[in-house]
Structure formats: C-alpha cells, structure tokens
$ cat start_21.cif   # mmCIF, N, CA and C atoms
data_query
#
loop_
_atom_site.label_atom_id
_atom_site.label_comp_id
_atom_site.auth_asym_id
_atom_site.auth_seq_id
_atom_site.Cartn_x
_atom_site.Cartn_y
_atom_site.Cartn_z
N MET A 1 -20.57 -94.17 -103.27
CA MET A 1 -20.71 -93.65 -104.61
C MET A 1 -22.02 -92.88 -104.76
N ALA A 2 -23.10 -93.41 -104.13
CA ALA A 2 -24.38 -92.72 -104.21
C ALA A 2 -24.28 -91.36 -103.53
N GLY A 3 -23.49 -91.29 -102.45
CA GLY A 3 -23.30 -90.02 -101.76
C GLY A 3 -22.64 -88.99 -102.65
N ALA A 4 -21.69 -89.43 -103.48
CA ALA A 4 -21.01 -88.52 -104.39
C ALA A 4 -21.99 -87.95 -105.41
N LEU A 5 -22.92 -88.79 -105.86
CA LEU A 5 -23.92 -88.31 -106.81
C LEU A 5 -24.82 -87.25 -106.16
N VAL A 6 -25.18 -87.47 -104.91
CA VAL A 6 -26.04 -86.54 -104.20
C VAL A 6 -25.32 -85.22 -103.98
N VAL A 7 -24.06 -85.28 -103.57
CA VAL A 7 -23.27 -84.06 -103.35
C VAL A 7 -23.13 -83.29 -104.65
N LEU A 8 -22.81 -84.01 -105.73
CA LEU A 8 -22.66 -83.36 -107.03
C LEU A 8 -23.97 -82.70 -107.44
N TRP A 9 -25.07 -83.38 -107.21
CA TRP A 9 -26.37 -82.81 -107.56
C TRP A 9 -26.71 -81.62 -106.67
N ALA A 10 -26.34 -81.68 -105.41
CA ALA A 10 -26.59 -80.56 -104.50
C ALA A 10 -25.86 -79.31 -104.97
N VAL A 11 -24.64 -79.48 -105.47
CA VAL A 11 -23.87 -78.36 -106.02
C VAL A 11 -24.60 -77.79 -107.22
N LEU A 12 -25.11 -78.66 -108.08
CA LEU A 12 -25.84 -78.21 -109.25
C LEU A 12 -27.07 -77.41 -108.86
N ILE A 13 -27.80 -77.89 -107.88
CA ILE A 13 -29.01 -77.19 -107.45
C ILE A 13 -28.65 -75.83 -106.84
N ALA A 14 -27.54 -75.76 -106.10
CA ALA A 14 -27.14 -74.51 -105.47
C ALA A 14 -26.77 -73.45 -106.51
N GLN A 15 -26.32 -73.88 -107.69
CA GLN A 15 -25.89 -72.95 -108.72
C GLN A 15 -27.01 -72.51 -109.64
N ALA A 16 -28.12 -73.18 -109.62
CA ALA A 16 -29.21 -72.86 -110.53
C ALA A 16 -30.48 -72.61 -109.72
N PRO A 17 -31.40 -71.87 -110.30
CA PRO A 17 -32.66 -71.65 -109.61
C PRO A 17 -33.37 -72.99 -109.37
N ASP A 18 -33.98 -73.09 -108.21
CA ASP A 18 -34.69 -74.32 -107.86
C ASP A 18 -35.98 -74.40 -108.66
N THR A 19 -36.14 -75.49 -109.35
CA THR A 19 -37.36 -75.70 -110.12
C THR A 19 -37.93 -77.06 -109.76
N ALA A 20 -39.16 -77.26 -110.12
CA ALA A 20 -39.80 -78.55 -109.88
C ALA A 20 -39.10 -79.65 -110.67
N ALA A 21 -38.66 -79.34 -111.89
CA ALA A 21 -37.97 -80.34 -112.71
C ALA A 21 -36.66 -80.76 -112.07
N GLN A 22 -35.92 -79.80 -111.54
CA GLN A 22 -34.65 -80.14 -110.88
C GLN A 22 -34.91 -81.00 -109.64
N ALA A 23 -35.94 -80.67 -108.91
CA ALA A 23 -36.27 -81.43 -107.71
C ALA A 23 -36.66 -82.86 -108.06
N ARG A 24 -37.45 -83.03 -109.13
CA ARG A 24 -37.84 -84.37 -109.56
C ARG A 24 -36.61 -85.16 -110.01
N PHE A 25 -35.73 -84.51 -110.75
CA PHE A 25 -34.53 -85.20 -111.22
C PHE A 25 -33.64 -85.58 -110.05
N ALA A 26 -33.47 -84.67 -109.11
CA ALA A 26 -32.62 -84.95 -107.94
C ALA A 26 -33.18 -86.13 -107.15
N ALA A 27 -34.49 -86.15 -106.95
CA ALA A 27 -35.11 -87.25 -106.21
C ALA A 27 -34.99 -88.56 -106.97
N ALA A 28 -35.17 -88.50 -108.28
CA ALA A 28 -35.08 -89.72 -109.10
C ALA A 28 -33.66 -90.27 -109.11
N ILE A 29 -32.67 -89.40 -109.26
CA ILE A 29 -31.28 -89.87 -109.29
C ILE A 29 -30.87 -90.40 -107.93
N GLN A 30 -31.39 -89.82 -106.86
CA GLN A 30 -31.12 -90.30 -105.50
C GLN A 30 -31.69 -91.71 -105.32
N ARG A 31 -32.93 -91.90 -105.76
CA ARG A 31 -33.56 -93.22 -105.62
C ARG A 31 -32.84 -94.27 -106.45
N VAL A 32 -32.43 -93.94 -107.66
CA VAL A 32 -31.69 -94.90 -108.48
C VAL A 32 -30.36 -95.23 -107.81
N GLY A 33 -29.67 -94.20 -107.33
CA GLY A 33 -28.39 -94.43 -106.65
C GLY A 33 -28.55 -95.32 -105.42
N ASP A 34 -29.58 -95.06 -104.63
CA ASP A 34 -29.83 -95.89 -103.44
C ASP A 34 -30.15 -97.33 -103.82
N SER A 35 -30.97 -97.51 -104.84
CA SER A 35 -31.34 -98.87 -105.23
C SER A 35 -30.15 -99.61 -105.84
N LEU A 36 -29.28 -98.90 -106.54
CA LEU A 36 -28.08 -99.54 -107.08
C LEU A 36 -27.10 -99.91 -105.97
N THR A 37 -27.02 -99.09 -104.94
CA THR A 37 -26.17 -99.42 -103.79
C THR A 37 -26.69 -100.69 -103.10
N ALA A 38 -28.00 -100.80 -102.93
CA ALA A 38 -28.59 -102.02 -102.35
C ALA A 38 -28.33 -103.23 -103.24
N LEU A 39 -28.42 -103.03 -104.55
CA LEU A 39 -28.14 -104.10 -105.50
C LEU A 39 -26.68 -104.55 -105.40
N GLU A 40 -25.77 -103.60 -105.31
CA GLU A 40 -24.35 -103.94 -105.19
C GLU A 40 -24.08 -104.71 -103.90
N GLY A 41 -24.78 -104.36 -102.83
CA GLY A 41 -24.64 -105.09 -101.57
C GLY A 41 -25.11 -106.53 -101.70
N ALA A 42 -26.26 -106.72 -102.34
CA ALA A 42 -26.78 -108.08 -102.55
C ALA A 42 -25.85 -108.88 -103.45
N ALA A 43 -25.29 -108.25 -104.47
CA ALA A 43 -24.35 -108.94 -105.37
C ALA A 43 -23.07 -109.33 -104.62
N ALA A 44 -22.59 -108.45 -103.76
CA ALA A 44 -21.37 -108.75 -102.99
C ALA A 44 -21.61 -109.91 -102.03
N MET A 45 -22.78 -109.93 -101.40
CA MET A 45 -23.10 -111.04 -100.50
C MET A 45 -23.17 -112.35 -101.27
N PHE A 46 -23.78 -112.32 -102.43
CA PHE A 46 -23.90 -113.51 -103.26
C PHE A 46 -22.50 -114.00 -103.65
N GLN A 47 -21.67 -113.08 -104.12
CA GLN A 47 -20.31 -113.42 -104.55
C GLN A 47 -19.50 -114.00 -103.38
N ALA A 48 -19.62 -113.41 -102.22
CA ALA A 48 -18.85 -113.87 -101.06
C ALA A 48 -19.26 -115.27 -100.62
N ASP A 49 -20.52 -115.59 -100.76
CA ASP A 49 -21.03 -116.89 -100.32
C ASP A 49 -20.94 -117.97 -101.39
N LEU A 50 -20.56 -117.61 -102.58
CA LEU A 50 -20.69 -118.50 -103.72
C LEU A 50 -19.86 -119.78 -103.62
N VAL A 51 -18.65 -119.69 -103.12
CA VAL A 51 -17.74 -120.83 -103.12
C VAL A 51 -18.33 -122.02 -102.36
N ASN A 52 -18.86 -121.79 -101.20
CA ASN A 52 -19.36 -122.88 -100.36
C ASN A 52 -20.88 -122.89 -100.24
N ALA A 53 -21.55 -122.26 -101.16
CA ALA A 53 -22.99 -122.10 -101.04
C ALA A 53 -23.74 -123.41 -101.31
N SER A 54 -24.65 -123.71 -100.41
CA SER A 54 -25.56 -124.84 -100.60
C SER A 54 -26.64 -124.40 -101.60
N PRO A 55 -27.38 -125.34 -102.17
CA PRO A 55 -28.48 -124.95 -103.06
C PRO A 55 -29.48 -124.02 -102.38
N ASP A 56 -29.74 -124.24 -101.09
CA ASP A 56 -30.67 -123.36 -100.37
C ASP A 56 -30.14 -121.92 -100.31
N LEU A 57 -28.85 -121.78 -100.04
CA LEU A 57 -28.26 -120.45 -99.97
C LEU A 57 -28.23 -119.79 -101.34
N VAL A 58 -27.93 -120.54 -102.39
CA VAL A 58 -27.96 -120.00 -103.75
C VAL A 58 -29.35 -119.48 -104.08
N ILE A 59 -30.36 -120.25 -103.75
CA ILE A 59 -31.74 -119.84 -104.02
C ILE A 59 -32.08 -118.57 -103.23
N SER A 60 -31.67 -118.53 -101.98
CA SER A 60 -31.94 -117.36 -101.15
C SER A 60 -31.24 -116.11 -101.68
N ARG A 61 -29.96 -116.25 -101.98
CA ARG A 61 -29.20 -115.10 -102.48
C ARG A 61 -29.70 -114.66 -103.86
N ALA A 62 -30.06 -115.62 -104.69
CA ALA A 62 -30.58 -115.28 -106.02
C ALA A 62 -31.91 -114.54 -105.91
N ALA A 63 -32.75 -114.98 -104.98
CA ALA A 63 -34.04 -114.31 -104.78
C ALA A 63 -33.83 -112.87 -104.31
N ARG A 64 -32.90 -112.68 -103.36
CA ARG A 64 -32.60 -111.32 -102.87
C ARG A 64 -32.06 -110.46 -104.00
N LEU A 65 -31.16 -111.01 -104.80
CA LEU A 65 -30.58 -110.26 -105.91
C LEU A 65 -31.66 -109.88 -106.93
N ARG A 66 -32.55 -110.79 -107.23
CA ARG A 66 -33.64 -110.50 -108.17
C ARG A 66 -34.53 -109.39 -107.63
N GLN A 67 -34.81 -109.41 -106.32
CA GLN A 67 -35.62 -108.33 -105.72
C GLN A 67 -34.92 -106.99 -105.90
N ARG A 68 -33.62 -106.97 -105.65
CA ARG A 68 -32.87 -105.72 -105.79
C ARG A 68 -32.81 -105.27 -107.25
N CYS A 69 -32.65 -106.21 -108.17
CA CYS A 69 -32.64 -105.86 -109.60
C CYS A 69 -33.99 -105.27 -110.01
N ASN A 70 -35.07 -105.88 -109.56
CA ASN A 70 -36.40 -105.37 -109.91
C ASN A 70 -36.65 -104.00 -109.29
N GLY A 71 -36.19 -103.79 -108.06
CA GLY A 71 -36.34 -102.48 -107.43
C GLY A 71 -35.55 -101.41 -108.17
N ALA A 72 -34.32 -101.73 -108.55
CA ALA A 72 -33.49 -100.78 -109.29
C ALA A 72 -34.09 -100.50 -110.67
N ARG A 73 -34.65 -101.53 -111.29
CA ARG A 73 -35.26 -101.34 -112.61
C ARG A 73 -36.47 -100.42 -112.51
N ARG A 74 -37.26 -100.57 -111.46
CA ARG A 74 -38.41 -99.66 -111.25
C ARG A 74 -37.94 -98.22 -111.12
N GLU A 75 -36.92 -98.01 -110.28
CA GLU A 75 -36.41 -96.64 -110.07
C GLU A 75 -35.78 -96.08 -111.35
N ALA A 76 -35.09 -96.93 -112.09
CA ALA A 76 -34.50 -96.49 -113.36
C ALA A 76 -35.60 -96.09 -114.34
N GLY A 77 -36.71 -96.80 -114.32
CA GLY A 77 -37.84 -96.44 -115.17
C GLY A 77 -38.42 -95.09 -114.81
N ARG A 78 -38.46 -94.81 -113.51
CA ARG A 78 -38.95 -93.50 -113.08
C ARG A 78 -38.01 -92.39 -113.53
N LEU A 79 -36.70 -92.63 -113.42
CA LEU A 79 -35.73 -91.64 -113.88
C LEU A 79 -35.86 -91.43 -115.38
N ASP A 80 -36.10 -92.49 -116.11
CA ASP A 80 -36.23 -92.40 -117.57
C ASP A 80 -37.41 -91.53 -117.97
N SER A 81 -38.41 -91.43 -117.10
CA SER A 81 -39.59 -90.62 -117.43
C SER A 81 -39.41 -89.14 -117.08
N VAL A 82 -38.31 -88.79 -116.42
CA VAL A 82 -38.06 -87.39 -116.07
C VAL A 82 -37.50 -86.67 -117.30
N PRO A 83 -38.09 -85.53 -117.68
CA PRO A 83 -37.59 -84.81 -118.85
C PRO A 83 -36.21 -84.20 -118.60
N GLY A 84 -35.47 -84.03 -119.67
CA GLY A 84 -34.18 -83.36 -119.58
C GLY A 84 -33.00 -84.26 -119.33
N VAL A 85 -33.20 -85.57 -119.36
CA VAL A 85 -32.09 -86.50 -119.18
C VAL A 85 -31.28 -86.50 -120.48
N GLY A 86 -29.98 -86.30 -120.37
CA GLY A 86 -29.12 -86.22 -121.55
C GLY A 86 -29.07 -87.51 -122.34
N ALA A 87 -28.60 -87.40 -123.59
CA ALA A 87 -28.58 -88.56 -124.51
C ALA A 87 -27.69 -89.69 -123.99
N ARG A 88 -26.48 -89.35 -123.53
CA ARG A 88 -25.59 -90.40 -123.03
C ARG A 88 -26.17 -91.07 -121.79
N LEU A 89 -26.71 -90.26 -120.89
CA LEU A 89 -27.30 -90.81 -119.68
C LEU A 89 -28.51 -91.69 -120.03
N ARG A 90 -29.32 -91.23 -120.96
CA ARG A 90 -30.48 -92.01 -121.38
C ARG A 90 -30.05 -93.34 -122.01
N ARG A 91 -28.97 -93.32 -122.78
CA ARG A 91 -28.43 -94.54 -123.40
C ARG A 91 -27.94 -95.52 -122.34
N GLU A 92 -27.19 -95.02 -121.36
CA GLU A 92 -26.69 -95.89 -120.29
C GLU A 92 -27.83 -96.36 -119.39
N LEU A 93 -28.83 -95.52 -119.23
CA LEU A 93 -30.00 -95.90 -118.45
C LEU A 93 -30.74 -97.05 -119.14
N ALA A 94 -30.87 -96.98 -120.46
CA ALA A 94 -31.51 -98.07 -121.21
C ALA A 94 -30.70 -99.35 -121.10
N ALA A 95 -29.38 -99.23 -121.19
CA ALA A 95 -28.51 -100.40 -121.05
C ALA A 95 -28.62 -100.99 -119.64
N LEU A 96 -28.67 -100.12 -118.64
CA LEU A 96 -28.82 -100.57 -117.26
C LEU A 96 -30.15 -101.30 -117.08
N ARG A 97 -31.22 -100.72 -117.59
CA ARG A 97 -32.53 -101.35 -117.46
C ARG A 97 -32.56 -102.72 -118.14
N ALA A 98 -31.91 -102.83 -119.29
CA ALA A 98 -31.84 -104.12 -119.98
C ALA A 98 -31.07 -105.14 -119.14
N GLU A 99 -29.98 -104.72 -118.54
CA GLU A 99 -29.18 -105.62 -117.70
C GLU A 99 -29.93 -106.01 -116.44
N LEU A 100 -30.70 -105.09 -115.89
CA LEU A 100 -31.51 -105.41 -114.71
C LEU A 100 -32.62 -106.40 -115.05
N ALA A 101 -33.20 -106.27 -116.23
CA ALA A 101 -34.21 -107.24 -116.67
C ALA A 101 -33.56 -108.61 -116.88
N ARG A 102 -32.36 -108.61 -117.45
CA ARG A 102 -31.62 -109.86 -117.64
C ARG A 102 -31.30 -110.50 -116.29
N CYS A 103 -30.97 -109.69 -115.31
CA CYS A 103 -30.70 -110.17 -113.96
C CYS A 103 -31.90 -110.94 -113.43
N ASP A 104 -33.08 -110.40 -113.63
CA ASP A 104 -34.29 -111.07 -113.14
C ASP A 104 -34.46 -112.44 -113.80
N ARG A 105 -34.18 -112.52 -115.09
CA ARG A 105 -34.30 -113.80 -115.80
C ARG A 105 -33.19 -114.78 -115.42
N GLU A 106 -31.96 -114.29 -115.40
CA GLU A 106 -30.82 -115.18 -115.26
C GLU A 106 -30.57 -115.67 -113.84
N PHE A 107 -31.10 -114.98 -112.86
CA PHE A 107 -30.94 -115.44 -111.48
C PHE A 107 -32.19 -116.14 -110.96
N ALA A 108 -33.09 -116.48 -111.86
CA ALA A 108 -34.28 -117.26 -111.48
C ALA A 108 -33.85 -118.72 -111.34
N THR A 109 -34.12 -119.28 -110.19
CA THR A 109 -33.71 -120.66 -109.95
C THR A 109 -34.80 -121.65 -110.31
N GLY A 110 -35.99 -121.18 -110.59
CA GLY A 110 -37.08 -122.08 -110.94
C GLY A 110 -37.63 -122.78 -109.71
N PRO A 111 -38.60 -123.66 -109.94
CA PRO A 111 -39.18 -124.37 -108.80
C PRO A 111 -38.17 -125.35 -108.21
N TRP A 112 -38.20 -125.42 -106.92
CA TRP A 112 -37.32 -126.33 -106.18
C TRP A 112 -35.86 -126.01 -106.47
N TYR A 113 -35.09 -126.99 -106.84
CA TYR A 113 -33.65 -126.79 -107.01
C TYR A 113 -33.20 -126.88 -108.46
N GLN A 114 -34.15 -126.83 -109.39
CA GLN A 114 -33.82 -127.02 -110.80
C GLN A 114 -32.66 -126.18 -111.29
N GLY A 115 -32.71 -124.89 -111.05
CA GLY A 115 -31.72 -123.99 -111.62
C GLY A 115 -30.61 -123.57 -110.69
N ALA A 116 -30.57 -124.07 -109.47
CA ALA A 116 -29.59 -123.60 -108.49
C ALA A 116 -28.15 -123.84 -108.96
N ASP A 117 -27.88 -125.01 -109.55
CA ASP A 117 -26.52 -125.29 -110.01
C ASP A 117 -26.12 -124.37 -111.16
N SER A 118 -27.03 -124.13 -112.08
CA SER A 118 -26.74 -123.25 -113.20
C SER A 118 -26.50 -121.82 -112.73
N VAL A 119 -27.35 -121.35 -111.82
CA VAL A 119 -27.18 -120.00 -111.28
C VAL A 119 -25.83 -119.88 -110.58
N LYS A 120 -25.48 -120.87 -109.80
CA LYS A 120 -24.20 -120.86 -109.08
C LYS A 120 -23.03 -120.86 -110.05
N ALA A 121 -23.11 -121.66 -111.10
CA ALA A 121 -22.01 -121.77 -112.06
C ALA A 121 -21.82 -120.48 -112.85
N TRP A 122 -22.89 -119.85 -113.24
CA TRP A 122 -22.81 -118.65 -114.09
C TRP A 122 -22.78 -117.36 -113.30
N ALA A 123 -22.99 -117.39 -112.01
CA ALA A 123 -23.08 -116.17 -111.20
C ALA A 123 -21.89 -115.24 -111.33
N PRO A 124 -20.64 -115.72 -111.27
CA PRO A 124 -19.53 -114.77 -111.38
C PRO A 124 -19.55 -113.95 -112.68
N TYR A 125 -19.80 -114.60 -113.78
CA TYR A 125 -19.88 -113.90 -115.07
C TYR A 125 -21.04 -112.91 -115.08
N ARG A 126 -22.20 -113.35 -114.61
CA ARG A 126 -23.38 -112.50 -114.62
C ARG A 126 -23.25 -111.33 -113.66
N LEU A 127 -22.65 -111.56 -112.51
CA LEU A 127 -22.44 -110.47 -111.54
C LEU A 127 -21.45 -109.44 -112.08
N THR A 128 -20.44 -109.90 -112.79
CA THR A 128 -19.48 -108.98 -113.40
C THR A 128 -20.16 -108.11 -114.44
N ARG A 129 -20.96 -108.72 -115.29
CA ARG A 129 -21.68 -107.98 -116.33
C ARG A 129 -22.64 -106.97 -115.72
N LEU A 130 -23.33 -107.36 -114.65
CA LEU A 130 -24.25 -106.46 -113.95
C LEU A 130 -23.48 -105.30 -113.32
N GLY A 131 -22.37 -105.60 -112.67
CA GLY A 131 -21.54 -104.56 -112.06
C GLY A 131 -21.02 -103.57 -113.09
N ASP A 132 -20.64 -104.07 -114.25
CA ASP A 132 -20.16 -103.19 -115.33
C ASP A 132 -21.25 -102.22 -115.78
N ALA A 133 -22.47 -102.72 -115.91
CA ALA A 133 -23.58 -101.85 -116.32
C ALA A 133 -23.86 -100.78 -115.26
N VAL A 134 -23.77 -101.16 -114.00
CA VAL A 134 -23.98 -100.19 -112.91
C VAL A 134 -22.89 -99.13 -112.96
N ARG A 135 -21.64 -99.53 -113.11
CA ARG A 135 -20.53 -98.56 -113.17
C ARG A 135 -20.67 -97.61 -114.35
N ARG A 136 -21.02 -98.15 -115.52
CA ARG A 136 -21.19 -97.28 -116.70
C ARG A 136 -22.30 -96.26 -116.46
N PHE A 137 -23.40 -96.69 -115.85
CA PHE A 137 -24.48 -95.76 -115.57
C PHE A 137 -24.04 -94.68 -114.59
N ARG A 138 -23.36 -95.09 -113.52
CA ARG A 138 -22.91 -94.10 -112.53
C ARG A 138 -21.97 -93.07 -113.16
N LEU A 139 -21.07 -93.53 -114.01
CA LEU A 139 -20.16 -92.60 -114.69
C LEU A 139 -20.93 -91.64 -115.60
N ALA A 140 -21.90 -92.15 -116.33
CA ALA A 140 -22.71 -91.30 -117.21
C ALA A 140 -23.52 -90.30 -116.39
N ALA A 141 -24.05 -90.73 -115.24
CA ALA A 141 -24.82 -89.83 -114.38
C ALA A 141 -23.92 -88.71 -113.85
N GLN A 142 -22.72 -89.07 -113.42
CA GLN A 142 -21.79 -88.05 -112.93
C GLN A 142 -21.42 -87.07 -114.04
N ALA A 143 -21.13 -87.58 -115.23
CA ALA A 143 -20.78 -86.70 -116.35
C ALA A 143 -21.95 -85.78 -116.70
N PHE A 144 -23.15 -86.31 -116.72
CA PHE A 144 -24.33 -85.50 -117.02
C PHE A 144 -24.50 -84.38 -116.00
N MET A 145 -24.33 -84.70 -114.73
CA MET A 145 -24.51 -83.69 -113.69
C MET A 145 -23.41 -82.63 -113.76
N ARG A 146 -22.19 -83.05 -114.08
CA ARG A 146 -21.11 -82.06 -114.25
C ARG A 146 -21.43 -81.13 -115.41
N GLU A 147 -21.85 -81.69 -116.54
CA GLU A 147 -22.19 -80.87 -117.70
C GLU A 147 -23.35 -79.93 -117.39
N ALA A 148 -24.34 -80.43 -116.69
CA ALA A 148 -25.51 -79.61 -116.34
C ALA A 148 -25.12 -78.47 -115.41
N SER A 149 -24.13 -78.69 -114.55
CA SER A 149 -23.74 -77.64 -113.62
C SER A 149 -22.94 -76.54 -114.32
N LEU A 150 -22.39 -76.84 -115.49
CA LEU A 150 -21.62 -75.83 -116.24
C LEU A 150 -22.50 -74.92 -117.08
N ARG A 151 -23.74 -75.32 -117.28
CA ARG A 151 -24.65 -74.51 -118.12
C ARG A 151 -25.08 -73.27 -117.42
#

$ encode --input "start_21.cif" --output "structure tokens"
Amino acid sequence: MAGALVVLWAVLIAQAPDTAAQARFAAAIQRVGDSLTALEGAAAMFQADLVNASPDLVISRAARLRQRCNGARREAGRLDSVPGVGARLRRELAALRAELARCDREFATGPWYQGADSVKAWAPYRLTRLGDAVRRFRLAAQAFMREASLR
C-alpha cells in the first residue's frame, strides 16, 4: 500500500514543476507510509500470537506495537507541519494521531505483569480500531494526491 502512495506521488511530481514544498510533502508522506507499514506488521504479529500468548510474549508484542505507534505518530506530526495538506487529509491525520496516542496508552502493560491480561483481552478490539484509522488515513492520502494531480 505504501508503494502505491509513492507511485501516485511520483506521477504527481512528474506532472508539476518540482518545488521544495512538493519534495517535503513527498518525503513526509513516504515516511508516514513506511511507518504505518511497520505498524501494521507489528499489529499482525501481535494478532497472530494472541491466542496462545504467554504474559511475556504479550508484553513483548505490546512494547513493539507501542514503539511502532510512537514512530508513526512522530512521522504523522511531521506531515502535519507540511503546508498545503488538504482539509480531509488533515482531519484524517488528526484522527490517526489521536489513535496512535491511544495505542501508546492502551497497549501499556505497566510494571511486571499487571496489565498483560487486560492488554491481551482487549487487543483484538484495539487492533481493529487502529487498523481502521490507518485505512481511513491511507484512503484520504490517496484521494488528496489524486486531487492534487488534477490541478
């Protein structure tokens, strides 16, 4: 999916004069796409291991997922600071950032094994909600780039 965003953006750049703003936006959207792909990988690993996961594995997977959420949130923040982001994309970006912040809170297991059972029990619901936010953002990004290429 991240590759599709890059290809779509490359088409946009080929049709318009190259500017510093376009280059910054292309780099920012690439970084967000890459970090979301890493996040989706961590979420898939967590989901796959969930049925038979020991508390140690839950803690490990939750920590990895939180790292990926924080990385994606940082990149989303950088994209949010790039001028010219459309209203719908900015709205979905804000929703994505909120969901990524929630990911950091909700997948925290606390010291020792305190929260491992809760994280394991709620993980499917939370992973679904996180995945939905990622999909909505990707769709908004694709729509924004299509609209920008028509200008």

$ resolve_selection --input "start_21.cif" --expression "the PyMOL selection byres (((chain A and resi 139 and name CA) around 12) and name CA)" --output "number ranges by chain"
A: 1-2, 4-5, 33, 88-89, 92-93, 132-138, 140-146

$ closest_residue --input "start_21.cif" --among "A:Cys103, A:Ala72, A:Leu127, A:Val51" --to "Val32 in chain A" --atoms "only C-alpha atoms"
A:Ala72

$ atom_distance --input "start_21.cif" --atom1 "atom C of Ala123 in chain A" --atom2 "CA of Asp80 in chain A"
27.7 Å

$ select_by_dssp --input "start_21.cif" --residues "chain A" --states "helix (DSSP H, G or I)" --output "PyMOL selection string"
chain A and resi 2-15+20-49+55-80+87-106+116-150

$ closest_residue --input "start_21.cif" --among "A:Asp56, A:Val85, A:Arg61, A:Ala95" --to "Tyr113 in chain A" --atoms "only N, CA and C atoms"
A:Asp56

$ closest_residue --input "start_21.cif" --among "A:Glu99, A:Glu147, A:Glu106, A:Glu40" --to "Arg68 in chain A" --atoms "only C-alpha atoms"
A:Glu40

$ residues_around --input "start_21.cif" --residues "Ala53 in chain A" --least-positions-apart "6" --cutoff "12 Å" --atoms "only C-alpha atoms" --output "PyMOL selection string"
chain A and resi 45-47+59-62+116-117+119-121+123

$ atom_distance --input "start_21.cif" --atom1 "atom C of Ala42 in chain A" --atom2 "CA of Phe25 in chain A"
26.4 Å

$ atom_distance --input "start_21.cif" --atom1 "CA of Arg78 in chain A" --atom2 "CA of Leu65 in chain A"
20.1 Å

$ decode --input "start_21.cif" --residues "range 70-83 of chain A" --atoms "N, CA, C and O atoms" --output "PDB file, in the first residue's frame"
ATOM      1  N   ASN A  70       4.383   5.003  18.330  1.00  0.00           N
ATOM      2  CA  ASN A  70       5.081   6.259  18.612  1.00  0.00           C
ATOM      3  C   ASN A  70       5.873   6.744  17.405  1.00  0.00           C
ATOM      4  O   ASN A  70       5.911   7.945  17.120  1.00  0.00           O
ATOM      5  N   GLY A  71       6.498   5.823  16.676  1.00  0.00           N
ATOM      6  CA  GLY A  71       7.223   6.206  15.467  1.00  0.00           C
ATOM      7  C   GLY A  71       6.295   6.765  14.405  1.00  0.00           C
ATOM      8  O   GLY A  71       6.588   7.789  13.776  1.00  0.00           O
ATOM      9  N   ALA A  72       5.158   6.116  14.212  1.00  0.00           N
ATOM     10  CA  ALA A  72       4.181   6.596  13.228  1.00  0.00           C
ATOM     11  C   ALA A  72       3.607   7.943  13.655  1.00  0.00           C
ATOM     12  O   ALA A  72       3.383   8.827  12.815  1.00  0.00           O
ATOM     13  N   ARG A  73       3.391   8.109  14.950  1.00  0.00           N
ATOM     14  CA  ARG A  73       2.853   9.386  15.438  1.00  0.00           C
ATOM     15  C   ARG A  73       3.853  10.514  15.200  1.00  0.00           C
ATOM     16  O   ARG A  73       3.474  11.631  14.817  1.00  0.00           O
ATOM     17  N   ARG A  74       5.133  10.246  15.397  1.00  0.00           N
ATOM     18  CA  ARG A  74       6.163  11.261  15.113  1.00  0.00           C
ATOM     19  C   ARG A  74       6.137  11.660  13.641  1.00  0.00           C
ATOM     20  O   ARG A  74       6.178  12.842  13.301  1.00  0.00           O
ATOM     21  N   GLU A  75       6.093  10.660  12.761  1.00  0.00           N
ATOM     22  CA  GLU A  75       6.085  10.954  11.320  1.00  0.00           C
ATOM     23  C   GLU A  75       4.801  11.673  10.910  1.00  0.00           C
ATOM     24  O   GLU A  75       4.830  12.570  10.063  1.00  0.00           O
ATOM     25  N   ALA A  76       3.684  11.285  11.501  1.00  0.00           N
ATOM     26  CA  ALA A  76       2.416  11.966  11.208  1.00  0.00           C
ATOM     27  C   ALA A  76       2.484  13.422  11.655  1.00  0.00           C
ATOM     28  O   ALA A  76       1.957  14.313  10.982  1.00  0.00           O
ATOM     29  N   GLY A  77       3.149  13.678  12.758  1.00  0.00           N
ATOM     30  CA  GLY A  77       3.327  15.054  13.221  1.00  0.00           C
ATOM     31  C   GLY A  77       4.154  15.876  12.253  1.00  0.00           C
ATOM     32  O   GLY A  77       3.868  17.049  12.016  1.00  0.00           O
ATOM     33  N   ARG A  78       5.164  15.239  11.683  1.00  0.00           N
ATOM     34  CA  ARG A  78       5.979  15.944  10.684  1.00  0.00           C
ATOM     35  C   ARG A  78       5.163  16.258   9.437  1.00  0.00           C
ATOM     36  O   ARG A  78       5.289  17.337   8.862  1.00  0.00           O
ATOM     37  N   LEU A  79       4.337  15.309   9.007  1.00  0.00           N
ATOM     38  CA  LEU A  79       3.482  15.549   7.843  1.00  0.00           C
ATOM     39  C   LEU A  79       2.493  16.668   8.142  1.00  0.00           C
ATOM     40  O   LEU A  79       2.213  17.500   7.288  1.00  0.00           O
ATOM     41  N   ASP A  80       1.981  16.707   9.347  1.00  0.00           N
ATOM     42  CA  ASP A  80       1.010  17.726   9.733  1.00  0.00           C
ATOM     43  C   ASP A  80       1.614  19.123   9.667  1.00  0.00           C
ATOM     44  O   ASP A  80       0.901  20.104   9.476  1.00  0.00           O
ATOM     45  N   SER A  81       2.935  19.222   9.803  1.00  0.00           N
ATOM     46  CA  SER A  81       3.583  20.530   9.762  1.00  0.00           C
ATOM     47  C   SER A  81       3.908  20.992   8.338  1.00  0.00           C
ATOM     48  O   SER A  81       4.330  22.125   8.147  1.00  0.00           O
ATOM     49  N   VAL A  82       3.701  20.126   7.349  1.00  0.00           N
ATOM     50  CA  VAL A  82       3.973  20.495   5.959  1.00  0.00           C
ATOM     51  C   VAL A  82       2.789  21.314   5.430  1.00  0.00           C
ATOM     52  O   VAL A  82       1.641  20.901   5.552  1.00  0.00           O
ATOM     53  N   PRO A  83       3.052  22.489   4.852  1.00  0.00           N
ATOM     54  CA  PRO A  83       1.951  23.305   4.341  1.00  0.00           C
ATOM     55  C   PRO A  83       1.292  22.669   3.116  1.00  0.00           C
ATOM     56  O   PRO A  83       1.900  21.888   2.400  1.00  0.00           O
TER      57      PRO A  83
END
